[in-house]
$ cat structure-v5.cif   # mmCIF, C-alpha atoms
data_my_file
#
loop_
_atom_site.label_atom_id
_atom_site.label_comp_id
_atom_site.auth_asym_id
_atom_site.auth_seq_id
_atom_site.Cartn_x
_atom_site.Cartn_y
_atom_site.Cartn_z
CA MET A 1 11.11 -5.85 -3.88
CA ASN A 2 8.34 -8.40 -3.98
CA PHE A 3 4.82 -9.24 -2.80
CA ALA A 4 3.65 -12.33 -0.96
CA THR A 5 0.64 -14.17 -2.38
CA LYS A 6 -2.26 -15.98 -0.74
CA ARG A 7 -4.54 -18.70 -2.11
CA ILE A 8 -8.24 -18.06 -1.55
CA ARG A 9 -11.46 -19.54 -2.87
CA VAL A 10 -13.82 -17.07 -4.55
CA ASP A 11 -16.95 -17.87 -6.55
CA GLY A 12 -16.05 -21.55 -6.40
CA ASN A 13 -12.60 -20.98 -7.90
CA ASP A 14 -9.17 -21.11 -6.29
CA ARG A 15 -7.34 -17.84 -6.87
CA SER A 16 -4.09 -16.24 -5.76
CA ILE A 17 -4.10 -12.63 -4.58
CA LEU A 18 -1.35 -10.18 -3.70
CA MET A 19 -0.74 -9.23 -0.09
CA GLN A 20 0.58 -5.88 1.10
CA ASN A 21 4.30 -5.31 1.57
CA GLU A 22 6.06 -2.55 3.52
CA ASN A 23 4.33 0.09 1.37
CA GLY A 24 0.97 -0.90 2.83
CA PRO A 25 -2.32 -0.94 0.90
CA CYS A 26 -1.02 0.66 -2.30
CA ALA A 27 -2.86 1.11 -5.59
CA LEU A 28 -0.78 -1.60 -7.28
CA VAL A 29 -2.06 -4.31 -4.91
CA ALA A 30 -5.68 -3.17 -5.19
CA LEU A 31 -5.63 -2.87 -9.00
CA THR A 32 -3.86 -6.19 -9.51
CA ASN A 33 -6.31 -8.02 -7.23
CA VAL A 34 -9.25 -6.68 -9.22
CA LEU A 35 -7.64 -8.09 -12.37
CA LEU A 36 -7.09 -11.42 -10.60
CA LEU A 37 -10.59 -11.80 -9.16
CA SER A 38 -12.92 -10.22 -11.69
CA SER A 39 -14.41 -12.45 -14.37
CA HIS A 40 -14.30 -9.44 -16.69
CA HIS A 41 -10.50 -9.45 -16.60
CA GLU A 42 -9.10 -12.85 -17.54
CA HIS A 43 -5.36 -12.49 -18.13
CA SER A 44 -3.57 -15.83 -18.16
CA GLU A 45 -0.09 -14.31 -17.90
CA LEU A 46 -1.05 -12.50 -14.69
CA LEU A 47 -2.73 -15.58 -13.20
CA GLU A 48 0.42 -17.57 -13.92
CA LEU A 49 2.70 -14.92 -12.44
CA VAL A 50 1.02 -15.04 -9.01
CA GLN A 51 1.14 -18.83 -8.63
CA PRO A 52 4.42 -18.81 -6.62
CA LYS A 53 4.44 -17.65 -3.00
CA LYS A 54 6.14 -14.36 -3.95
CA VAL A 55 5.91 -12.03 -6.95
CA ASP A 56 8.71 -9.72 -8.07
CA LEU A 57 7.73 -6.05 -8.45
CA ASP A 58 9.50 -5.55 -11.78
CA GLN A 59 7.97 -8.68 -13.27
CA LEU A 60 4.52 -7.58 -12.11
CA LEU A 61 4.91 -4.13 -13.71
CA THR A 62 6.10 -5.76 -16.95
CA VAL A 63 3.05 -8.04 -17.11
CA LEU A 64 0.70 -5.14 -16.37
CA ALA A 65 2.33 -3.08 -19.13
CA ASP A 66 1.85 -5.97 -21.58
CA ILE A 67 -1.83 -6.20 -20.60
CA ALA A 68 -2.31 -2.46 -21.08
CA ILE A 69 -0.67 -2.53 -24.52
CA ALA A 70 -2.71 -5.53 -25.63
CA THR A 71 -6.03 -4.01 -24.55
CA ASN A 72 -5.33 -0.39 -25.61
CA PRO A 73 -3.24 -0.60 -28.81
CA LYS A 74 -4.61 2.66 -30.27
CA ASP A 75 -4.45 4.84 -27.15
CA GLU A 76 -2.48 7.96 -28.11
CA GLU A 77 -1.39 8.55 -24.52
CA LEU A 78 -0.42 4.95 -23.84
CA SER A 79 3.27 5.69 -23.41
CA VAL A 80 2.52 8.45 -20.89
CA LEU A 81 0.18 6.22 -18.91
CA LEU A 82 2.66 3.34 -18.93
CA SER A 83 5.28 5.66 -17.44
CA LEU A 84 2.92 6.14 -14.48
CA LEU A 85 2.68 2.41 -13.67
CA PRO A 86 5.52 2.50 -11.09
CA GLN A 87 3.56 5.17 -9.19
CA LEU A 88 0.89 2.57 -8.47
CA HIS A 89 3.36 1.28 -5.91
CA THR A 90 5.09 4.47 -4.77
CA GLY A 91 2.11 6.84 -4.66
CA LEU A 92 -0.51 8.36 -6.94
CA ASN A 93 -1.83 11.92 -6.97
CA ILE A 94 -5.51 11.16 -6.42
CA ASN A 95 -7.73 14.16 -5.61
CA PRO A 96 -11.28 13.23 -4.49
CA ARG A 97 -14.17 15.63 -4.88
CA PHE A 98 -16.67 15.73 -2.04
CA ASP A 99 -19.52 14.70 -4.34
CA GLY A 100 -18.14 11.17 -4.90
CA THR A 101 -16.10 11.92 -8.04
CA PHE A 102 -12.42 12.69 -8.59
CA GLU A 103 -10.42 15.40 -10.29
CA ASP A 104 -9.64 14.10 -13.79
CA THR A 105 -5.86 13.56 -13.69
CA LYS A 106 -3.36 11.46 -15.63
CA GLU A 107 -2.96 9.25 -12.57
CA LEU A 108 -6.69 8.53 -12.56
CA SER A 109 -6.44 7.50 -16.22
CA VAL A 110 -4.25 4.57 -15.22
CA PHE A 111 -7.33 2.84 -13.79
CA LYS A 112 -9.27 3.58 -16.98
CA LEU A 113 -6.42 1.98 -18.91
CA PHE A 114 -7.31 -1.33 -17.26
CA ASP A 115 -11.07 -0.69 -17.33
CA ILE A 116 -11.24 -0.64 -13.53
CA ASP A 117 -13.56 1.62 -11.55
CA ILE A 118 -12.15 3.65 -8.66
CA ILE A 119 -14.57 4.97 -6.06
CA HIS A 120 -14.54 6.83 -2.74
CA GLY A 121 -17.04 7.52 0.03
CA TRP A 122 -15.85 10.93 1.26
CA ILE A 123 -19.11 12.68 0.34
CA SER A 124 -20.71 15.73 1.92
CA SER A 125 -24.45 16.30 2.16
CA HIS A 126 -24.00 20.05 1.63
CA ASP A 127 -23.95 21.25 -2.00
CA LYS A 128 -21.59 24.13 -1.15
CA VAL A 129 -19.04 21.59 0.05
CA GLN A 130 -19.65 19.01 -2.66
CA LYS A 131 -18.27 21.31 -5.37
CA TYR A 132 -14.79 21.26 -3.83
CA THR A 133 -12.01 18.74 -4.26
CA TYR A 134 -9.77 18.01 -1.29
CA GLU A 135 -6.95 20.16 -2.67
CA GLU A 136 -9.33 23.02 -3.47
CA SER A 137 -10.68 22.85 0.07
CA GLN A 138 -7.17 23.23 1.45
CA GLN A 139 -6.61 26.29 -0.72
CA LEU A 140 -9.88 27.81 0.51
CA LEU A 141 -8.94 27.20 4.15
CA THR A 142 -5.61 28.93 3.55
CA GLN A 143 -7.43 31.92 2.04
CA ALA A 144 -9.71 32.03 5.07
CA VAL A 145 -6.72 32.17 7.42
CA ASP A 146 -5.24 35.06 5.45
CA ILE A 147 -8.55 36.94 5.54
CA ARG A 148 -8.90 36.47 9.30
CA ASP A 149 -5.34 37.71 9.82
CA ARG A 150 -5.76 40.93 7.85
CA GLU A 151 -9.37 41.92 8.49
CA THR A 152 -11.53 42.65 11.47
CA PRO A 153 -14.94 40.97 11.87
CA GLY A 154 -17.74 42.69 9.98
CA SER A 155 -15.49 44.37 7.43
CA GLY A 156 -18.30 44.18 4.91
CA ASN A 157 -16.38 42.55 2.01
CA PRO A 158 -18.96 40.20 0.41
CA GLN A 159 -16.34 38.06 -1.34
CA ASP A 160 -14.34 37.57 1.85
CA ASP A 161 -17.51 36.84 3.81
CA ASN A 162 -18.45 34.14 1.30
CA ILE A 163 -15.00 32.55 1.53
CA LEU A 164 -15.17 32.53 5.33
CA ALA A 165 -18.67 31.03 5.32
CA GLU A 166 -17.72 28.18 2.98
CA ALA A 167 -14.44 27.64 4.84
CA ASN A 168 -16.44 27.10 8.03
CA LEU A 169 -18.60 24.53 6.27
CA ILE A 170 -15.52 22.68 4.98
CA GLU A 171 -13.83 22.76 8.38
CA GLN A 172 -16.92 21.24 9.96
CA PHE A 173 -17.14 18.58 7.25
CA LEU A 174 -13.48 17.59 7.56
CA ASN A 175 -13.76 17.38 11.34
CA ASP A 176 -16.87 15.19 11.09
CA SER A 177 -15.38 12.85 8.45
CA SER A 178 -11.89 12.05 9.74
CA THR A 179 -12.22 8.46 8.48
CA GLN A 180 -12.84 9.81 4.94
CA LEU A 181 -16.08 7.84 4.82
CA THR A 182 -19.51 9.33 5.51
CA PRO A 183 -23.01 7.81 5.73
CA ASN A 184 -23.78 9.41 2.36
CA GLY A 185 -20.57 8.00 0.99
CA LEU A 186 -21.19 4.48 2.25
CA ASN A 187 -24.68 4.58 0.78
CA ASN A 188 -23.28 5.86 -2.53
CA ILE A 189 -20.78 2.99 -2.69
CA ASN A 190 -23.52 0.42 -2.08
CA THR A 191 -25.71 2.08 -4.71
CA THR A 192 -23.00 2.59 -7.32
CA MET A 193 -21.44 -0.87 -7.11
CA LYS A 194 -23.10 -3.52 -9.25
CA GLU A 195 -23.72 -6.95 -7.75
CA GLY A 196 -20.68 -9.20 -8.19
CA ASN A 197 -18.48 -6.45 -9.61
CA TYR A 198 -15.07 -5.41 -8.33
CA ALA A 199 -13.60 -1.93 -7.94
CA VAL A 200 -10.82 -0.03 -6.17
CA LEU A 201 -11.75 2.00 -3.08
CA PHE A 202 -9.73 5.12 -2.27
CA ARG A 203 -9.79 6.05 1.42
CA ASN A 204 -7.28 7.72 3.76
CA ASP A 205 -4.67 7.74 0.96
CA HIS A 206 -4.98 3.94 0.80
CA PHE A 207 -6.43 1.68 -1.85
CA ALA A 208 -8.48 -1.47 -1.37
CA THR A 209 -10.16 -4.04 -3.60
CA ILE A 210 -13.92 -4.07 -2.96
CA THR A 211 -16.87 -6.08 -4.22
CA LYS A 212 -20.63 -6.21 -3.76
CA HIS A 213 -22.36 -9.40 -2.60
CA ASN A 214 -26.06 -9.70 -1.74
CA GLY A 215 -26.37 -5.92 -1.60
CA ASN A 216 -23.44 -5.41 0.80
CA THR A 217 -19.96 -4.07 0.16
CA TYR A 218 -16.86 -6.00 1.23
CA ALA A 219 -13.16 -5.10 1.20
CA LEU A 220 -10.53 -7.72 0.39
CA VAL A 221 -8.25 -8.40 3.39
CA THR A 222 -4.65 -8.06 2.17
CA ASP A 223 -2.72 -7.28 5.35
CA LEU A 224 0.28 -9.62 5.45
CA GLY A 225 -0.56 -10.66 9.00
CA PHE A 226 -3.64 -12.48 7.65
CA ARG A 227 -1.75 -14.45 5.01
CA SER A 228 -2.04 -17.75 6.88
CA CYS A 229 -5.62 -17.11 8.04
CA ASN A 230 -7.43 -19.15 5.40
CA ASN A 231 -10.94 -18.25 6.55
CA ILE A 232 -10.37 -14.50 6.59
CA VAL A 233 -10.84 -13.17 3.06
CA TRP A 234 -13.32 -10.28 3.17
CA GLU A 235 -14.17 -7.51 5.63
CA TYR A 236 -17.74 -6.25 5.63
CA MET A 237 -17.98 -2.46 5.34
CA GLY A 238 -20.90 -1.96 7.68
CA SER A 239 -19.99 1.35 9.32
CA ILE A 240 -17.99 4.51 8.74
CA ASP A 241 -15.82 4.02 11.84
CA GLY A 242 -15.22 0.26 11.60
CA SER A 243 -17.40 -0.58 14.62
CA ASN A 244 -19.62 -2.94 12.59
CA ASP A 245 -16.94 -4.29 10.26
CA ILE A 246 -16.90 -8.10 10.36
CA PHE A 247 -14.65 -10.70 8.72
CA PHE A 248 -15.99 -13.19 6.18
CA ASP A 249 -14.50 -16.15 4.34
CA GLY A 250 -14.30 -16.68 0.58
CA ILE A 251 -17.96 -17.68 0.25
CA PHE A 252 -19.12 -14.75 2.40
CA GLU A 253 -19.87 -16.70 5.54
CA GLU A 254 -19.08 -14.85 8.76
CA THR A 255 -15.93 -15.85 10.59
CA GLU A 256 -14.25 -14.55 13.71
CA LEU A 257 -10.72 -13.46 14.50
CA ASN A 258 -9.95 -15.33 17.69
CA ASP A 259 -6.96 -15.27 20.04
CA THR A 260 -5.23 -17.95 17.99
CA ALA A 261 -5.34 -15.66 14.97
CA TYR A 262 -3.76 -12.80 16.90
CA THR A 263 -1.03 -15.12 18.20
CA THR A 264 -0.44 -16.47 14.72
CA MET A 265 -0.09 -13.01 13.22
CA GLU A 266 2.44 -12.02 15.86
CA ALA A 267 4.38 -15.25 15.31
CA THR A 268 4.32 -14.77 11.54
CA GLU A 269 5.64 -11.24 11.80
CA ARG A 270 8.32 -12.34 14.27
CA LYS A 271 9.38 -15.17 11.95
CA GLU A 272 9.60 -12.77 9.01
CA ARG A 273 11.75 -10.35 11.00
CA VAL A 274 14.14 -13.13 12.03
CA GLU A 275 14.39 -14.39 8.46
CA GLN A 276 15.15 -10.89 7.22
CA VAL A 277 17.86 -10.38 9.83
CA ASP A 278 19.44 -13.69 8.79
CA LYS A 279 19.37 -12.64 5.14
CA ASP A 280 20.97 -9.29 6.01
CA ALA A 281 23.69 -11.03 7.99
CA GLN A 282 24.42 -13.46 5.16
CA LEU A 283 24.59 -10.60 2.68
CA ALA A 284 26.96 -8.65 4.93
CA GLN A 285 29.18 -11.73 5.32
CA GLN A 286 29.25 -12.30 1.56
CA LEU A 287 30.12 -8.66 0.87
CA GLN A 288 32.86 -8.82 3.49
CA LEU A 289 34.31 -11.98 1.92
CA GLU A 290 34.27 -10.53 -1.58
CA GLU A 291 35.90 -7.31 -0.37
CA ASN A 292 38.67 -9.19 1.45
CA GLU A 293 39.36 -11.38 -1.58
CA ALA A 294 39.60 -8.33 -3.81
CA ILE A 295 42.01 -6.60 -1.43
CA GLN A 296 44.17 -9.71 -1.09
CA GLU A 297 44.34 -10.04 -4.87
CA ALA A 298 45.44 -6.41 -5.14
CA ASP A 299 48.07 -6.92 -2.44
CA LYS A 300 49.61 -9.83 -4.37
CA LYS A 301 50.16 -7.55 -7.34
CA GLN A 302 51.48 -4.52 -5.42
CA LEU A 303 53.36 -5.65 -2.28
CA PRO A 304 56.95 -7.11 -2.36
CA LYS A 305 56.92 -10.89 -2.06
CA LYS A 306 59.89 -10.99 0.36
CA SER A 307 58.01 -9.34 3.22
CA THR A 308 54.44 -9.05 4.36
CA ILE A 309 55.26 -7.23 7.64
CA PRO A 310 53.69 -3.77 7.84
CA LYS A 311 56.24 -0.99 7.41
CA THR A 312 56.83 1.43 10.26
CA LYS A 313 58.09 4.98 10.22
CA THR A 314 59.75 6.96 12.96
CA ASP A 315 58.97 10.57 13.67
CA LYS A 316 61.44 13.11 14.99
CA ARG A 317 60.71 12.01 18.55
CA GLY A 318 61.48 8.37 17.77
CA THR A 319 57.92 7.12 18.07
CA ASN A 320 56.94 4.24 15.79
CA HIS A 321 53.60 4.56 13.94
CA HIS A 322 52.34 1.28 12.50
CA GLN A 323 50.55 1.53 9.17
CA THR A 324 47.36 -0.53 9.09
CA PRO A 325 47.63 -3.35 6.53
CA SER A 326 45.39 -2.70 3.52
CA ASN A 327 43.74 -6.08 3.93
CA ALA A 328 42.58 -5.48 7.51
CA PRO A 329 38.95 -6.46 7.99
CA TYR A 330 36.35 -3.72 8.24
CA LYS A 331 32.96 -3.58 9.83
CA HIS A 332 29.96 -3.82 7.52
CA THR A 333 26.76 -2.34 8.82
CA HIS A 334 23.28 -2.98 7.57
CA SER A 335 19.81 -1.83 8.36
CA HIS A 336 16.46 -3.49 8.24
CA HIS A 337 13.22 -1.62 7.71
CA SER A 338 10.34 -3.25 9.49
CA ARG A 339 7.06 -3.73 7.65
CA LYS A 340 4.34 -1.18 8.15
CA ASN A 341 1.19 -2.54 9.55
CA ASN A 342 -1.71 -0.18 8.89
CA LYS A 343 -4.41 -2.70 9.60
CA LYS A 344 -6.57 -2.13 12.63
CA HIS A 345 -7.97 -5.17 14.37
CA ASN A 346 -11.73 -5.20 14.70
CA SER A 347 -13.55 -6.80 17.57
CA MET A 348 -16.26 -9.30 16.75
CA ASN A 349 -19.21 -10.78 18.53
CA ALA A 350 -18.00 -14.27 19.38
CA ASN A 351 -21.46 -15.47 20.31
CA ALA A 352 -22.91 -15.34 16.79
CA SER A 353 -24.02 -18.84 15.90
CA ASN A 354 -23.14 -18.64 12.22
CA LYS A 355 -19.52 -17.62 12.70
CA LYS A 356 -16.63 -19.82 11.69
CA SER A 357 -13.40 -19.99 13.67
CA SER A 358 -10.48 -18.74 11.60
CA ASP A 359 -7.94 -21.41 10.68
CA CYS A 360 -4.52 -19.75 10.94
CA VAL A 361 -1.27 -21.63 10.46
CA VAL A 362 2.17 -20.04 10.58
CA SER A 363 3.64 -20.35 7.14
#

$ encode --input "structure-v5.cif" --output "structure tokens"
Amino acid sequence: MNFATKRIRVDGNDRSILMQNENGPCALVALTNVLLLSSHHEHSELLELVQPKKVDLDQLLTVLADIAIATNPKDEELSVLLSLLPQLHTGLNINPRFDGTFEDTKELSVFKLFDIDIIHGWISSHDKVQKYTYEESQQLLTQAVDIRDRETPGSGNPQDDNILAEANLIEQFLNDSSTQLTPNGLNNINTTMKEGNYAVLFRNDHFATITKHNGNTYALVTDLGFRSCNNIVWEYMGSIDGSNDIFFDGIFEETELNDTAYTTMEATERKERVEQVDKDAQLAQQLQLEENEAIQEADKKQLPKKSTIPKTKTDKRGTNHHQTPSNAPYKHTHSHHSRKNNKKHNSMNANASNKKSSDCVVS
């Protein structure tokens, strides 16, 4: 498994970043891109690794492990944390608290291992909700269901009444914050982030690389469909529902996603699917050839040289049943998993005078 890379220009420097693969916006992509872009994390071996157009997953994990060992040689739990590195790609158990913090877990320590901040904007304005983590809120809602099933209204149990009251508050909060970003949360991100710094944003079980520029927060665009769109680098986080999110280039000048960009993304994805099908077909053909050669070699050692005609046998009714030769070709099937595309396309105001037209070329 591998990741495509993209060359962008940030802070006057040309840099390569990782793009998403079929696993979508995973923690591994977000964490690695912070290491690649932040001036506080200069790791020559990682910068060299991402120079080619594609990066192998195993090689990436090896380089990250080397960086962790070099920067944390005395960490007593280093071996445990290193064992969690593969989960950056497959899935981490991250449990946000509704006050802007997280439950302190081993998985969260992986980010500390690389001295990278992780932040979220799923914050309630109610102190009785803020004390809960997401998992604790689910447990409370389950308790509330059990109470409603076994008791009649007005039963007079103060503990049950308190659980039901707080469950109602949590239900309302979850319904009002389906995007896992609230006005309080967005304000907290803008306040917490330091100018020019990079961090990892956790939202909707996804991870993104974010930065702060001129007081505003931007998310790095890593969807594979934008790989050839040179002018699309950042997405401004201007709203909780994406209605005011706008694309910017590497020097934070506004750019638009025009019809050409949409067409290019579709063409890029179509090209990638065709290439993958061709690779699958070539692999199937190679496996078929190797299997046939192996069977033929076995036949030379086992079958009599004087005859290669399949033997027949006759049953009691005189019917001949031909035995299928052992070297008969077989059908090889293969499957192809299409890439997930979790990126929503945002509409932009095409009349803004300071927008640049995105320059997309099918790679």

$ residues_near_point --input "structure-v5.cif" --point "(-18.2, 11.4, 0.2)" --cutoff "12 Å" --atoms "all atoms listed in the file" --output "PDB file with C-alpha atoms, in the coordinates of the input"
ATOM      1  CA  PRO A  96     -11.280  13.230  -4.490  1.00  0.00           C
ATOM      2  CA  ARG A  97     -14.170  15.630  -4.880  1.00  0.00           C
ATOM      3  CA  PHE A  98     -16.670  15.730  -2.040  1.00  0.00           C
ATOM      4  CA  ASP A  99     -19.520  14.700  -4.340  1.00  0.00           C
ATOM      5  CA  GLY A 100     -18.140  11.170  -4.900  1.00  0.00           C
ATOM      6  CA  THR A 101     -16.100  11.920  -8.040  1.00  0.00           C
ATOM      7  CA  PHE A 102     -12.420  12.690  -8.590  1.00  0.00           C
ATOM      8  CA  ILE A 119     -14.570   4.970  -6.060  1.00  0.00           C
ATOM      9  CA  HIS A 120     -14.540   6.830  -2.740  1.00  0.00           C
ATOM     10  CA  GLY A 121     -17.040   7.520   0.030  1.00  0.00           C
ATOM     11  CA  TRP A 122     -15.850  10.930   1.260  1.00  0.00           C
ATOM     12  CA  ILE A 123     -19.110  12.680   0.340  1.00  0.00           C
ATOM     13  CA  SER A 124     -20.710  15.730   1.920  1.00  0.00           C
ATOM     14  CA  SER A 125     -24.450  16.300   2.160  1.00  0.00           C
ATOM     15  CA  HIS A 126     -24.000  20.050   1.630  1.00  0.00           C
ATOM     16  CA  ASP A 127     -23.950  21.250  -2.000  1.00  0.00           C
ATOM     17  CA  VAL A 129     -19.040  21.590   0.050  1.00  0.00           C
ATOM     18  CA  GLN A 130     -19.650  19.010  -2.660  1.00  0.00           C
ATOM     19  CA  LYS A 131     -18.270  21.310  -5.370  1.00  0.00           C
ATOM     20  CA  TYR A 132     -14.790  21.260  -3.830  1.00  0.00           C
ATOM     21  CA  THR A 133     -12.010  18.740  -4.260  1.00  0.00           C
ATOM     22  CA  TYR A 134      -9.770  18.010  -1.290  1.00  0.00           C
ATOM     23  CA  PHE A 173     -17.140  18.580   7.250  1.00  0.00           C
ATOM     24  CA  LEU A 174     -13.480  17.590   7.560  1.00  0.00           C
ATOM     25  CA  ASP A 176     -16.870  15.190  11.090  1.00  0.00           C
ATOM     26  CA  SER A 177     -15.380  12.850   8.450  1.00  0.00           C
ATOM     27  CA  SER A 178     -11.890  12.050   9.740  1.00  0.00           C
ATOM     28  CA  THR A 179     -12.220   8.460   8.480  1.00  0.00           C
ATOM     29  CA  GLN A 180     -12.840   9.810   4.940  1.00  0.00           C
ATOM     30  CA  LEU A 181     -16.080   7.840   4.820  1.00  0.00           C
ATOM     31  CA  THR A 182     -19.510   9.330   5.510  1.00  0.00           C
ATOM     32  CA  PRO A 183     -23.010   7.810   5.730  1.00  0.00           C
ATOM     33  CA  ASN A 184     -23.780   9.410   2.360  1.00  0.00           C
ATOM     34  CA  GLY A 185     -20.570   8.000   0.990  1.00  0.00           C
ATOM     35  CA  LEU A 186     -21.190   4.480   2.250  1.00  0.00           C
ATOM     36  CA  ASN A 187     -24.680   4.580   0.780  1.00  0.00           C
ATOM     37  CA  ASN A 188     -23.280   5.860  -2.530  1.00  0.00           C
ATOM     38  CA  ILE A 189     -20.780   2.990  -2.690  1.00  0.00           C
ATOM     39  CA  LEU A 201     -11.750   2.000  -3.080  1.00  0.00           C
ATOM     40  CA  PHE A 202      -9.730   5.120  -2.270  1.00  0.00           C
ATOM     41  CA  ARG A 203      -9.790   6.050   1.420  1.00  0.00           C
ATOM     42  CA  ILE A 240     -17.990   4.510   8.740  1.00  0.00           C
TER      43      ILE A 240
END

$ atom_distance --input "structure-v5.cif" --atom1 "atom CA of Ile118 of chain A" --atom2 "atom CA of Asp249 of chain A"
23.8 Å

$ resolve_selection --input "structure-v5.cif" --expression "the PyMOL selection byres ((chain A and resi 216-220) around 7)" --output "PyMOL selection string"
chain A and resi 190+208-215+221-222+233-237

$ write_last_selection --input "structure-v5.cif" --atoms "C-alpha atoms" --output "PDB file, keeping the file's coordinate frame"
ATOM      1  CA  ASN A 190     -23.520   0.420  -2.080  1.00  0.00           C
ATOM      2  CA  ALA A 208      -8.480  -1.470  -1.370  1.00  0.00           C
ATOM      3  CA  THR A 209     -10.160  -4.040  -3.600  1.00  0.00           C
ATOM      4  CA  ILE A 210     -13.920  -4.070  -2.960  1.00  0.00           C
ATOM      5  CA  THR A 211     -16.870  -6.080  -4.220  1.00  0.00           C
ATOM      6  CA  LYS A 212     -20.630  -6.210  -3.760  1.00  0.00           C
ATOM      7  CA  HIS A 213     -22.360  -9.400  -2.600  1.00  0.00           C
ATOM      8  CA  ASN A 214     -26.060  -9.700  -1.740  1.00  0.00           C
ATOM      9  CA  GLY A 215     -26.370  -5.920  -1.600  1.00  0.00           C
ATOM     10  CA  VAL A 221      -8.250  -8.400   3.390  1.00  0.00           C
ATOM     11  CA  THR A 222      -4.650  -8.060   2.170  1.00  0.00           C
ATOM     12  CA  VAL A 233     -10.840 -13.170   3.060  1.00  0.00           C
ATOM     13  CA  TRP A 234     -13.320 -10.280   3.170  1.00  0.00           C
ATOM     14  CA  GLU A 235     -14.170  -7.510   5.630  1.00  0.00           C
ATOM     15  CA  TYR A 236     -17.740  -6.250   5.630  1.00  0.00           C
ATOM     16  CA  MET A 237     -17.980  -2.460   5.340  1.00  0.00           C
TER      17      MET A 237
END

$ axis_aligned_box --input "structure-v5.cif" --around "segment 120-130 of chain A" --padding-each-side "3 Å" --output "AutoDock Vina command-line options"
--center_x -19.5 --center_y 15.5 --center_z -0.3 --size_x 15.9 --size_y 23.3 --size_z 10.9

$ closest_residue --input "structure-v5.cif" --among "A:Asn244, A:Thr255, A:Gln159, A:Asn197" --to "Leu37 of chain A" --atoms "only C-alpha atoms"
A:Asn197

$ closest_residue --input "structure-v5.cif" --among "A:Met19, A:Val145, A:Leu113, A:Leu92" --to "Lys74 of chain A" --atoms "all atoms listed in the file"
A:Leu113

$ closest_residue --input "structure-v5.cif" --among "A:Ile147, A:Ile246, A:Ile67, A:Leu81" --to "Glu42 of chain A" --atoms "only C-alpha atoms"
A:Ile67

$ atom_distance --input "structure-v5.cif" --atom1 "atom CA of Glu166 of chain A" --atom2 "atom CA of Lys128 of chain A"
7.0 Å

$ atom_distance --input "structure-v5.cif" --atom1 "atom CA of Gln20 of chain A" --atom2 "atom CA of Ser38 of chain A"
19.1 Å

$ resolve_selection --input "structure-v5.cif" --expression "the PyMOL selection byres ((chain A and resi 4) around 6)" --output "PDB file with C-alpha atoms, in the frame of the given file"
ATOM      1  CA  PHE A   3       4.820  -9.240  -2.800  1.00  0.00           C
ATOM      2  CA  THR A   5       0.640 -14.170  -2.380  1.00  0.00           C
ATOM      3  CA  MET A  19      -0.740  -9.230  -0.090  1.00  0.00           C
ATOM      4  CA  LYS A  53       4.440 -17.650  -3.000  1.00  0.00           C
ATOM      5  CA  LYS A  54       6.140 -14.360  -3.950  1.00  0.00           C
TER       6      LYS A  54
END

$ resolve_selection --input "structure-v5.cif" --expression "the PyMOL selection byres ((chain A and resi 143) around 12)" --output "list in words"
Glu136, Ser137, Gln138, Gln139, Leu140, Leu141, Thr142, Ala144, Val145, Asp146, Ile147, Arg148, Asp149, Arg150, Gln159, Asp160, Asp161, Asn162, Ile163, Leu164, Ala165, Glu166, Ala167 and Asn168 of chain A

$ closest_residue --input "structure-v5.cif" --among "A:Gly242, A:Lys194, A:His40, A:Val110" --to "Gln87 of chain A" --atoms "all atoms listed in the file"
A:Val110

$ closest_residue --input "structure-v5.cif" --among "A:Leu49, A:Ile170, A:Met1, A:Ala199" --to "Arg15 of chain A" --atoms "only C-alpha atoms"
A:Leu49

$ residues_near_point --input "structure-v5.cif" --point "(-9.6, -19.1, 3.8)" --cutoff "6 Å" --atoms "only C-alpha atoms" --output "PDB file with C-alpha atoms, keeping the file's coordinate frame"
ATOM      1  CA  ILE A   8      -8.240 -18.060  -1.550  1.00  0.00           C
ATOM      2  CA  ASN A 230      -7.430 -19.150   5.400  1.00  0.00           C
ATOM      3  CA  ASN A 231     -10.940 -18.250   6.550  1.00  0.00           C
ATOM      4  CA  ILE A 232     -10.370 -14.500   6.590  1.00  0.00           C
ATOM      5  CA  ASP A 249     -14.500 -16.150   4.340  1.00  0.00           C
TER       6      ASP A 249
END

$ closest_residue --input "structure-v5.cif" --among "A:Asp117, A:Asp241, A:Glu256, A:Glu135" --to "Tyr198 of chain A" --atoms "only C-alpha atoms"
A:Asp117
